[in-house]
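Next up, structure_15.cif (mmCIF, C-alpha atoms):
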```
data_input
#
loop_
_atom_site.label_atom_id
_atom_site.label_comp_id
_atom_site.auth_asym_id
_atom_site.auth_seq_id
_atom_site.Cartn_x
_atom_site.Cartn_y
_atom_site.Cartn_z
CA MET A 1 -9.61 -26.29 12.56
CA ASN A 2 -10.24 -26.60 16.30
CA ASP A 3 -7.02 -28.58 16.72
CA THR A 4 -5.04 -25.78 15.11
CA LEU A 5 -6.72 -23.24 17.38
CA ILE A 6 -5.96 -25.31 20.49
CA LEU A 7 -2.37 -25.61 19.32
CA LEU A 8 -2.20 -21.81 18.87
CA HIS A 9 -3.76 -21.33 22.29
CA GLY A 10 -1.05 -23.47 23.86
CA SER A 11 1.83 -21.82 21.98
CA THR A 12 4.61 -19.97 23.77
CA ILE A 13 3.50 -16.59 22.43
CA ALA A 14 -0.05 -17.14 23.65
CA GLN A 15 1.09 -18.29 27.09
CA THR A 16 3.51 -15.39 27.48
CA ILE A 17 0.78 -12.87 26.69
CA ARG A 18 -1.76 -14.48 29.00
CA GLU A 19 0.74 -14.59 31.87
CA ASN A 20 2.07 -11.06 31.53
CA GLU A 21 -0.65 -8.54 32.28
CA LEU A 22 1.23 -5.61 30.66
CA LEU A 23 1.79 -7.23 27.26
CA PHE A 24 -1.82 -7.46 26.06
CA PRO A 25 -2.68 -3.77 26.60
CA TRP A 26 0.58 -2.63 25.02
CA ILE A 27 0.12 -4.79 21.93
CA GLU A 28 -3.48 -3.59 21.78
CA ALA A 29 -2.32 0.04 22.00
CA LEU A 30 0.05 -0.57 19.06
CA HIS A 31 -2.79 -2.27 17.17
CA VAL A 32 -5.01 0.79 17.66
CA MET A 33 -2.23 3.19 16.58
CA ALA A 34 -1.63 1.13 13.44
CA ILE A 35 -5.35 1.01 12.61
CA THR A 36 -5.78 4.76 13.05
CA LEU A 37 -2.99 5.30 10.50
CA VAL A 38 -4.45 2.71 8.10
CA PHE A 39 -7.87 4.34 8.29
CA GLY A 40 -6.62 7.93 8.21
CA SER A 41 -4.38 7.43 5.19
CA ILE A 42 -6.83 5.33 3.16
CA ALA A 43 -9.70 7.71 4.01
CA LEU A 44 -7.77 10.65 2.52
CA VAL A 45 -7.33 8.66 -0.71
CA ASP A 46 -11.00 7.59 -0.64
CA LEU A 47 -12.26 11.14 -0.06
CA ARG A 48 -10.28 12.28 -3.12
CA LEU A 49 -11.66 9.37 -5.16
CA ILE A 50 -15.23 10.17 -4.11
CA GLY A 51 -14.66 13.87 -4.84
CA VAL A 52 -15.01 15.33 -1.35
CA ARG A 53 -11.61 16.93 -0.82
CA ALA A 54 -8.32 17.93 -2.48
CA LEU A 55 -10.01 18.14 -5.90
CA ASN A 56 -7.12 20.16 -7.32
CA ARG A 57 -4.48 17.56 -6.49
CA PRO A 58 -4.13 14.61 -8.88
CA ILE A 59 -5.12 11.25 -7.36
CA SER A 60 -1.83 9.73 -8.58
CA LYS A 61 0.10 12.13 -6.35
CA ILE A 62 -2.17 11.57 -3.34
CA ALA A 63 -1.98 7.79 -3.72
CA LYS A 64 1.81 7.88 -4.00
CA GLU A 65 2.10 9.99 -0.87
CA LEU A 66 -0.37 8.07 1.30
CA LEU A 67 -0.50 4.42 0.27
CA PRO A 68 3.03 3.61 1.55
CA ILE A 69 1.85 4.80 4.99
CA THR A 70 -1.29 2.64 4.63
CA TRP A 71 0.78 -0.45 3.83
CA MET A 72 3.30 -0.02 6.63
CA ALA A 73 0.57 0.63 9.16
CA PHE A 74 -1.47 -2.32 7.83
CA LEU A 75 1.53 -4.62 8.28
CA LEU A 76 1.87 -3.50 11.91
CA ALA A 77 -1.89 -3.90 12.47
CA ALA A 78 -1.85 -7.41 10.96
CA VAL A 79 1.13 -8.56 13.05
CA THR A 80 -0.19 -7.13 16.33
CA GLY A 81 -3.68 -8.41 15.47
CA ALA A 82 -2.35 -11.91 14.83
CA ILE A 83 -0.54 -11.88 18.19
CA LEU A 84 -3.69 -10.74 20.01
CA PHE A 85 -5.69 -13.45 18.23
CA THR A 86 -3.17 -16.14 19.21
CA SER A 87 -3.48 -15.27 22.90
CA ASN A 88 -7.14 -16.29 22.87
CA ALA A 89 -7.68 -18.02 19.53
CA LEU A 90 -10.71 -20.13 20.50
CA SER A 91 -12.72 -17.25 21.92
CA TYR A 92 -12.00 -14.93 19.01
CA SER A 93 -12.76 -17.52 16.35
CA GLN A 94 -16.26 -17.99 17.80
CA ASN A 95 -17.01 -14.31 18.21
CA PHE A 96 -19.56 -12.91 15.74
CA TYR A 97 -17.88 -9.49 15.49
CA PHE A 98 -14.42 -10.99 15.03
CA ILE A 99 -15.70 -13.08 12.12
CA SER A 100 -17.49 -10.03 10.69
CA LYS A 101 -14.29 -8.02 10.96
CA ILE A 102 -12.35 -10.64 8.99
CA VAL A 103 -15.09 -10.79 6.31
CA LEU A 104 -15.02 -6.99 6.02
CA LEU A 105 -11.22 -7.03 5.75
CA ALA A 106 -11.51 -9.53 2.90
CA LEU A 107 -14.07 -7.25 1.19
CA ALA A 108 -11.72 -4.28 1.60
CA GLY A 109 -8.96 -6.38 0.03
CA ILE A 110 -11.10 -7.41 -2.96
CA ASN A 111 -12.20 -3.79 -3.47
CA MET A 112 -8.58 -2.66 -3.34
CA MET A 113 -7.48 -5.32 -5.87
CA CYS A 114 -10.28 -4.29 -8.26
CA PHE A 115 -9.15 -0.70 -7.98
CA GLN A 116 -5.45 -1.43 -8.32
CA PHE A 117 -5.68 -3.76 -11.31
CA ILE A 118 -8.86 -2.79 -13.14
CA ILE A 119 -10.51 0.55 -12.32
CA GLY A 120 -7.43 2.57 -11.41
CA ARG A 121 -4.79 0.74 -13.46
CA ASN A 122 -3.51 4.00 -14.83
CA LEU A 123 -3.90 6.77 -12.25
CA GLU A 124 -1.72 9.16 -14.26
CA ALA A 125 -4.44 9.25 -16.93
CA TRP A 126 -6.66 11.06 -14.42
CA ASN A 127 -4.10 13.75 -13.57
CA HIS A 128 -6.25 16.51 -15.05
CA TYR A 129 -9.56 15.20 -13.72
CA GLN A 130 -11.23 16.96 -10.84
CA ARG A 131 -14.19 14.60 -10.83
CA LEU A 132 -13.15 10.98 -11.30
CA PRO A 133 -15.09 8.26 -13.19
CA THR A 134 -18.07 6.75 -11.36
CA SER A 135 -16.34 3.38 -10.89
CA ALA A 136 -13.48 5.08 -9.00
CA ARG A 137 -15.92 7.06 -6.87
CA ILE A 138 -17.81 3.88 -5.97
CA ALA A 139 -14.56 2.09 -5.07
CA GLY A 140 -13.70 5.01 -2.76
CA ALA A 141 -17.12 4.93 -1.10
CA ILE A 142 -17.00 1.14 -0.58
CA SER A 143 -13.54 1.43 0.93
CA ILE A 144 -14.43 4.10 3.49
CA ILE A 145 -17.66 2.29 4.51
CA VAL A 146 -15.98 -1.11 4.83
CA TRP A 147 -13.06 0.25 6.88
CA THR A 148 -15.48 2.04 9.21
CA GLY A 149 -17.18 -1.34 9.65
CA VAL A 150 -13.82 -2.98 10.42
CA ILE A 151 -13.20 -0.48 13.23
CA PHE A 152 -16.76 -0.79 14.59
CA CYS A 153 -16.60 -4.61 14.64
CA GLY A 154 -13.13 -4.48 16.19
CA ARG A 155 -14.41 -2.32 19.03
CA LEU A 156 -17.43 -4.58 19.56
CA ILE A 157 -15.22 -7.65 20.02
CA GLY A 158 -14.15 -6.19 23.37
CA PHE A 159 -17.80 -6.01 24.51
CA THR A 160 -18.85 -9.47 23.38
CA LEU A 161 -15.85 -11.79 23.81
CA GLU A 162 -16.75 -14.81 25.89
CA PRO A 163 -14.15 -17.12 27.39
CA VAL A 164 -13.87 -20.52 25.71
CA LEU A 165 -11.78 -23.04 27.59
CA ALA A 166 -9.26 -25.02 25.60
CA ILE A 167 -9.61 -28.73 26.23
CA SER A 168 -6.09 -30.00 26.26
CA MET U 1 -5.12 12.39 41.36
CA ARG U 2 -8.16 11.06 43.25
CA THR U 3 -9.42 13.84 45.49
CA SER U 4 -12.69 13.36 47.34
CA GLY U 5 -14.14 16.26 45.36
CA LEU U 6 -13.37 14.47 42.11
CA LEU U 7 -14.88 11.20 43.33
CA GLU U 8 -18.00 13.05 44.52
CA PHE U 9 -18.33 14.65 41.12
CA CYS U 10 -17.97 11.21 39.49
CA ALA U 11 -20.71 9.80 41.72
CA TYR U 12 -22.94 12.75 40.86
CA LEU U 13 -22.36 12.26 37.10
CA GLU U 14 -22.83 8.53 37.36
CA ASN U 15 -26.36 8.91 38.71
CA SER U 16 -27.48 11.58 36.25
CA PRO U 17 -30.29 10.60 33.85
CA LEU U 18 -27.92 10.92 30.87
CA ALA U 19 -25.40 8.53 32.45
CA LEU U 20 -28.13 6.00 33.21
CA ALA U 21 -29.40 6.22 29.62
CA ILE U 22 -25.88 5.59 28.28
CA GLN U 23 -25.35 2.64 30.62
CA ASP U 24 -28.71 1.14 29.65
CA SER U 25 -27.94 1.04 25.94
CA PHE U 26 -25.63 -1.58 24.48
CA TRP U 27 -24.89 0.54 21.41
CA VAL U 28 -24.12 4.07 22.60
CA VAL U 29 -20.65 3.31 24.01
CA PRO U 30 -19.27 1.27 21.07
CA ILE U 31 -20.69 3.77 18.55
CA MET U 32 -19.13 6.71 20.41
CA GLN U 33 -15.84 4.80 20.70
CA THR U 34 -15.88 4.09 16.95
CA LEU U 35 -16.54 7.78 16.23
CA HIS U 36 -13.71 8.64 18.64
CA ILE U 37 -11.32 6.28 16.78
CA LEU U 38 -12.37 7.65 13.35
CA ALA U 39 -11.71 11.21 14.54
CA ILE U 40 -8.33 10.34 16.07
CA SER U 41 -7.45 8.65 12.74
CA ALA U 42 -8.15 11.88 10.89
CA LEU U 43 -6.17 13.90 13.40
CA LEU U 44 -3.18 11.54 13.49
CA ILE U 45 -2.72 11.26 9.74
CA ALA U 46 -2.94 15.07 9.37
CA MET U 47 -0.44 15.46 12.20
CA LEU U 48 1.88 12.89 10.68
CA LEU U 49 1.80 14.44 7.19
CA ILE U 50 2.48 17.95 8.55
CA ASN U 51 5.30 16.77 10.78
CA LEU U 52 6.91 14.58 8.11
CA ARG U 53 7.12 17.71 5.97
CA VAL U 54 8.47 19.87 8.83
CA LEU U 55 11.12 17.19 9.46
CA ASN U 56 11.97 17.15 5.71
CA PHE U 57 10.98 13.50 5.19
CA ALA U 58 8.20 14.31 2.73
CA ASP U 59 8.17 15.67 -0.82
CA LYS U 60 9.87 19.08 -0.70
CA SER U 61 8.12 20.45 -3.81
CA ASP U 62 5.29 21.67 -1.56
CA SER U 63 6.33 24.33 0.95
CA ILE U 64 5.75 23.74 4.66
CA SER U 65 3.02 26.37 4.84
CA ILE U 66 1.18 24.77 1.91
CA VAL U 67 1.29 21.38 3.65
CA ILE U 68 0.13 22.97 6.91
CA SER U 69 -2.80 24.71 5.22
CA ARG U 70 -3.64 21.48 3.37
CA TYR U 71 -4.04 19.38 6.52
CA MET U 72 -4.44 21.67 9.54
CA HIS U 73 -8.19 22.14 9.07
CA ILE U 74 -8.62 18.37 9.47
CA ILE U 75 -7.15 18.66 12.97
CA TRP U 76 -9.48 21.48 13.98
CA PHE U 77 -12.43 19.52 12.57
CA ALA U 78 -11.47 16.29 14.37
CA LEU U 79 -10.78 17.85 17.79
CA PRO U 80 -14.39 18.88 18.57
CA VAL U 81 -15.62 15.45 17.42
CA LEU U 82 -13.10 13.88 19.81
CA LEU U 83 -14.12 16.22 22.61
CA ILE U 84 -17.86 15.56 22.23
CA SER U 85 -17.61 11.77 21.81
CA GLY U 86 -15.07 11.69 24.66
CA CYS U 87 -17.40 13.65 26.97
CA ILE U 88 -20.28 11.28 26.23
CA LEU U 89 -18.02 8.32 27.10
CA ILE U 90 -16.97 10.06 30.35
CA VAL U 91 -20.58 10.69 31.40
CA GLY U 92 -21.32 6.99 30.83
CA GLU U 93 -18.54 5.85 33.17
CA PRO U 94 -17.13 8.87 35.03
CA ALA U 95 -15.09 7.09 37.72
CA ARG U 96 -13.50 4.74 35.20
CA SER U 97 -12.20 7.74 33.24
CA LEU U 98 -11.86 10.94 35.29
CA ALA U 99 -10.24 9.27 38.31
CA ASN U 100 -8.04 7.06 36.13
CA PRO U 101 -4.28 7.84 36.02
CA ALA U 102 -4.10 6.86 32.32
CA PHE U 103 -6.91 9.32 31.56
CA GLN U 104 -5.25 12.10 33.57
CA MET U 105 -1.94 11.49 31.81
CA LYS U 106 -3.79 11.56 28.49
CA MET U 107 -5.29 14.99 29.27
CA ILE U 108 -1.91 16.48 30.25
CA MET U 109 -0.31 15.14 27.05
CA LEU U 110 -3.27 16.49 25.08
CA LEU U 111 -2.83 20.03 26.43
CA VAL U 112 0.88 20.04 25.55
CA ALA U 113 0.21 18.50 22.11
CA ILE U 114 -2.44 21.11 21.31
CA ALA U 115 -0.11 23.93 22.42
CA ILE U 116 2.60 22.65 20.05
CA THR U 117 0.03 22.26 17.24
CA VAL U 118 -1.07 25.89 17.65
CA GLY U 119 2.60 26.91 17.57
CA ILE U 120 3.26 24.98 14.36
CA GLN U 121 0.16 26.49 12.75
CA ARG U 122 1.25 30.05 13.67
CA MET U 123 4.69 29.36 12.23
CA GLY U 124 3.07 28.18 9.01
CA SER U 125 0.89 31.24 8.58
CA LYS U 126 3.57 33.82 9.44
CA ASN U 127 6.34 32.92 7.05
CA HIS U 128 4.55 32.29 3.75
CA GLY U 129 6.46 29.31 2.52
CA LEU U 130 9.97 30.52 3.16
CA ILE U 131 10.40 28.81 6.50
CA GLN U 132 13.40 26.67 7.19
CA PRO U 133 12.60 24.78 10.38
CA THR U 134 15.19 25.29 13.11
CA GLY U 135 16.43 22.53 15.40
CA THR U 136 13.98 23.61 18.11
CA ILE U 137 11.05 23.40 15.73
CA LYS U 138 12.11 19.95 14.57
CA ALA U 139 12.46 18.79 18.18
CA LEU U 140 8.96 20.12 18.96
CA SER U 141 7.65 18.38 15.88
CA ILE U 142 9.05 15.02 17.02
CA LEU U 143 7.74 15.66 20.54
CA SER U 144 4.24 16.37 19.25
CA LEU U 145 4.19 13.14 17.21
CA LEU U 146 5.32 11.16 20.26
CA LEU U 147 2.67 12.89 22.37
CA TRP U 148 -0.14 12.08 19.92
CA PHE U 149 0.86 8.43 19.79
CA GLY U 150 1.14 8.48 23.59
CA ILE U 151 -2.38 9.92 23.77
CA VAL U 152 -3.71 6.99 21.71
CA ALA U 153 -1.83 4.49 23.90
CA CYS U 154 -3.16 6.12 27.11
CA GLY U 155 -6.65 5.98 25.64
CA ARG U 156 -6.38 2.21 25.34
CA TRP U 157 -4.77 1.94 28.77
CA ILE U 158 -7.81 3.58 30.42
CA ALA U 159 -9.46 0.17 30.08
CA TYR U 160 -6.70 -1.47 32.16
CA THR U 161 -5.81 0.96 34.96
#
```
Will you turn the file into C-alpha cells for me?
Amino acid sequence: MNDTLILLHGSTIAQTIRENELLFPWIEALHVMAITLVFGSIALVDLRLIGVRALNRPISKIAKELLPITWMAFLLAAVTGAILFTSNALSYSQNFYFISKIVLLALAGINMMCFQFIIGRNLEAWNHYQRLPTSARIAGAISIIVWTGVIFCGRLIGFTLEPVLAIS
Amino acid sequence: MRTSGLLEFCAYLENSPLALAIQDSFWVVPIMQTLHILAISALLIAMLLINLRVLNFADKSDSISIVISRYMHIIWFALPVLLISGCILIVGEPARSLANPAFQMKMIMLLVAIAITVGIQRMGSKNHGLIQPTGTIKALSILSLLLWFGIVACGRWIAYT
C-alpha cells in the first residue's frame, strides 16, 4: 500500500502539480465546481423523494432530467479529485477527514445502488404519486445527509492536512 | 484595490470580539464554508437548469417561464444564505478576503451575474410562456453561466492570492 502511494507521489503528474503553483488551485476550482453540480442535482432529486419540493412532478421525469448532470459532474469530480490526491498521496491517505470522505462516498454509492436496483426499480410506477413510499423517502434522506458529509469532510481536509515526506 | 482606508477597516474588523471568537473556534469557519458550498450548489444547479432551457438544450415541453418559475425561487433563497455565511467568513479573516484581488473580482462578477439574473427573471414573468429567446438573451444566458462558474473559481482562488 505504502509502496504504491510512494510510486504515485513520484509520478510525473504529481511532480508537475507540485512544481507548478497555478495547477493545484485551478484543478481544485474545477473540483469544487463539479461537486457543487453533483450536490445540487442530486439534492433536487432527493428533495422530491423525501417529499419537500416539486410534489406535482413525477420523480421519473425529475430523475431523467437531473441524473445525467449528476453523473457528468461526478466524473469530473472523480478525475480532478484523483489528480489532487496523486499530488500528495501519502498525506491524504493518512488524513482522518480524507478517509471519512471516501467512506461516505462509498455509503452514497451503496445507497444509490439500493435505490436504482431495488427500491426505485420502476420509477414510472410512481408517476401519479405525490408522496412516495417510505423506503424511497429514506433513501432520499440518506443521500442528502451523506453528500453533505462528503462536502464537510472535503472542506476539513484543507484544515487538517499534514505533510508526510516520501522516503524514496 | 488595497487603499489604506480598506486596510484600516480590515484591521478594525480583525480585532472585533466577533472576529476573535471566529478565529478561536476550529469549527465555525469549516461549517460556514460548508454552508456556503451547499448554497452555491443550490444556486448553480437552478441557474444551469434555467439557462439550459433558455438556450434550448433542455426539454422543450415546459415553457421558459414555467422553468424560470420552477427554479428561480431557489436562487433567491440561496443568495441570502451565501451572503450571511460569506460575511461571517469575511469577519473571521477580513484582510485575507476584502483586500484580496480574487475576492474583489468575485464581487464584481457577482454584481453583473445578479443583474443578468434579474433580467432573465423579468423576461420570464412578462411574456407568459410565449417567449422565443433572441440572440442577445442567449448571449447573456451564456455569459451568466460563465460568470457563476467564474465566481466559484474565484472563491477557491481567495485561498491562494
Box centre and edge lengths (Å, one decimal), axis-aligned, region 17-33 of chain A plus 6 Å each side, as JSON:
```
{"center_x": -1.5, "center_y": -5.7, "center_z": 24.4, "size_x": 19.1, "size_y": 29.8, "size_z": 27.7}
```
Select all residues from chain A having any atom no more than 9 Å from an atom of chain U (counting only C-alpha atoms, ignoring ligands), output as an mmCIF file with C-alpha atoms, in the coordinates of the input.
```cif
data_model
loop_
_atom_site.group_PDB
_atom_site.id
_atom_site.type_symbol
_atom_site.label_atom_id
_atom_site.label_comp_id
_atom_site.auth_asym_id
_atom_site.auth_seq_id
_atom_site.Cartn_x
_atom_site.Cartn_y
_atom_site.Cartn_z
ATOM 1 C CA PRO A 25 -2.680 -3.770 26.600
ATOM 2 C CA TRP A 26 0.580 -2.630 25.020
ATOM 3 C CA GLU A 28 -3.480 -3.590 21.780
ATOM 4 C CA ALA A 29 -2.320 0.040 22.000
ATOM 5 C CA LEU A 30 0.050 -0.570 19.060
ATOM 6 C CA VAL A 32 -5.010 0.790 17.660
ATOM 7 C CA MET A 33 -2.230 3.190 16.580
ATOM 8 C CA ILE A 35 -5.350 1.010 12.610
ATOM 9 C CA THR A 36 -5.780 4.760 13.050
ATOM 10 C CA LEU A 37 -2.990 5.300 10.500
ATOM 11 C CA VAL A 38 -4.450 2.710 8.100
ATOM 12 C CA PHE A 39 -7.870 4.340 8.290
ATOM 13 C CA GLY A 40 -6.620 7.930 8.210
ATOM 14 C CA SER A 41 -4.380 7.430 5.190
ATOM 15 C CA ALA A 43 -9.700 7.710 4.010
ATOM 16 C CA LEU A 44 -7.770 10.650 2.520
ATOM 17 C CA ALA A 54 -8.320 17.930 -2.480
ATOM 18 C CA GLU A 65 2.100 9.990 -0.870
ATOM 19 C CA LEU A 66 -0.370 8.070 1.300
ATOM 20 C CA THR A 148 -15.480 2.040 9.210
ATOM 21 C CA ILE A 151 -13.200 -0.480 13.230
ATOM 22 C CA PHE A 152 -16.760 -0.790 14.590
ATOM 23 C CA ARG A 155 -14.410 -2.320 19.030
ATOM 24 C CA LEU A 156 -17.430 -4.580 19.560
ATOM 25 C CA PHE A 159 -17.800 -6.010 24.510
#
```
Notebook entry, point to check: Just so the selection is clear, what residues does the PyMOL selection byres ((chain U and resi 5-14) around 12) cover here, as a PyMOL selection string?
Noted result: chain U and resi 1-4+15-23+87-100
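The space between CA of Thr161 (chain U) and CA of Gly81 (chain A) spans 21.7 Å.
Proximity of A:Leu90, A:Ile142, A:Cys114, A:Leu123 to Leu161 (chain A), computed with all atoms listed in the file, is greatest for A:Leu90.
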Notebook entry, point to check: So which residues get picked by the PyMOL selection byres ((chain A and resi 5) around 9) here, written as a PyMOL selection string?
Noted result: chain A and resi 1-4+6-10+86+88-90+93+166
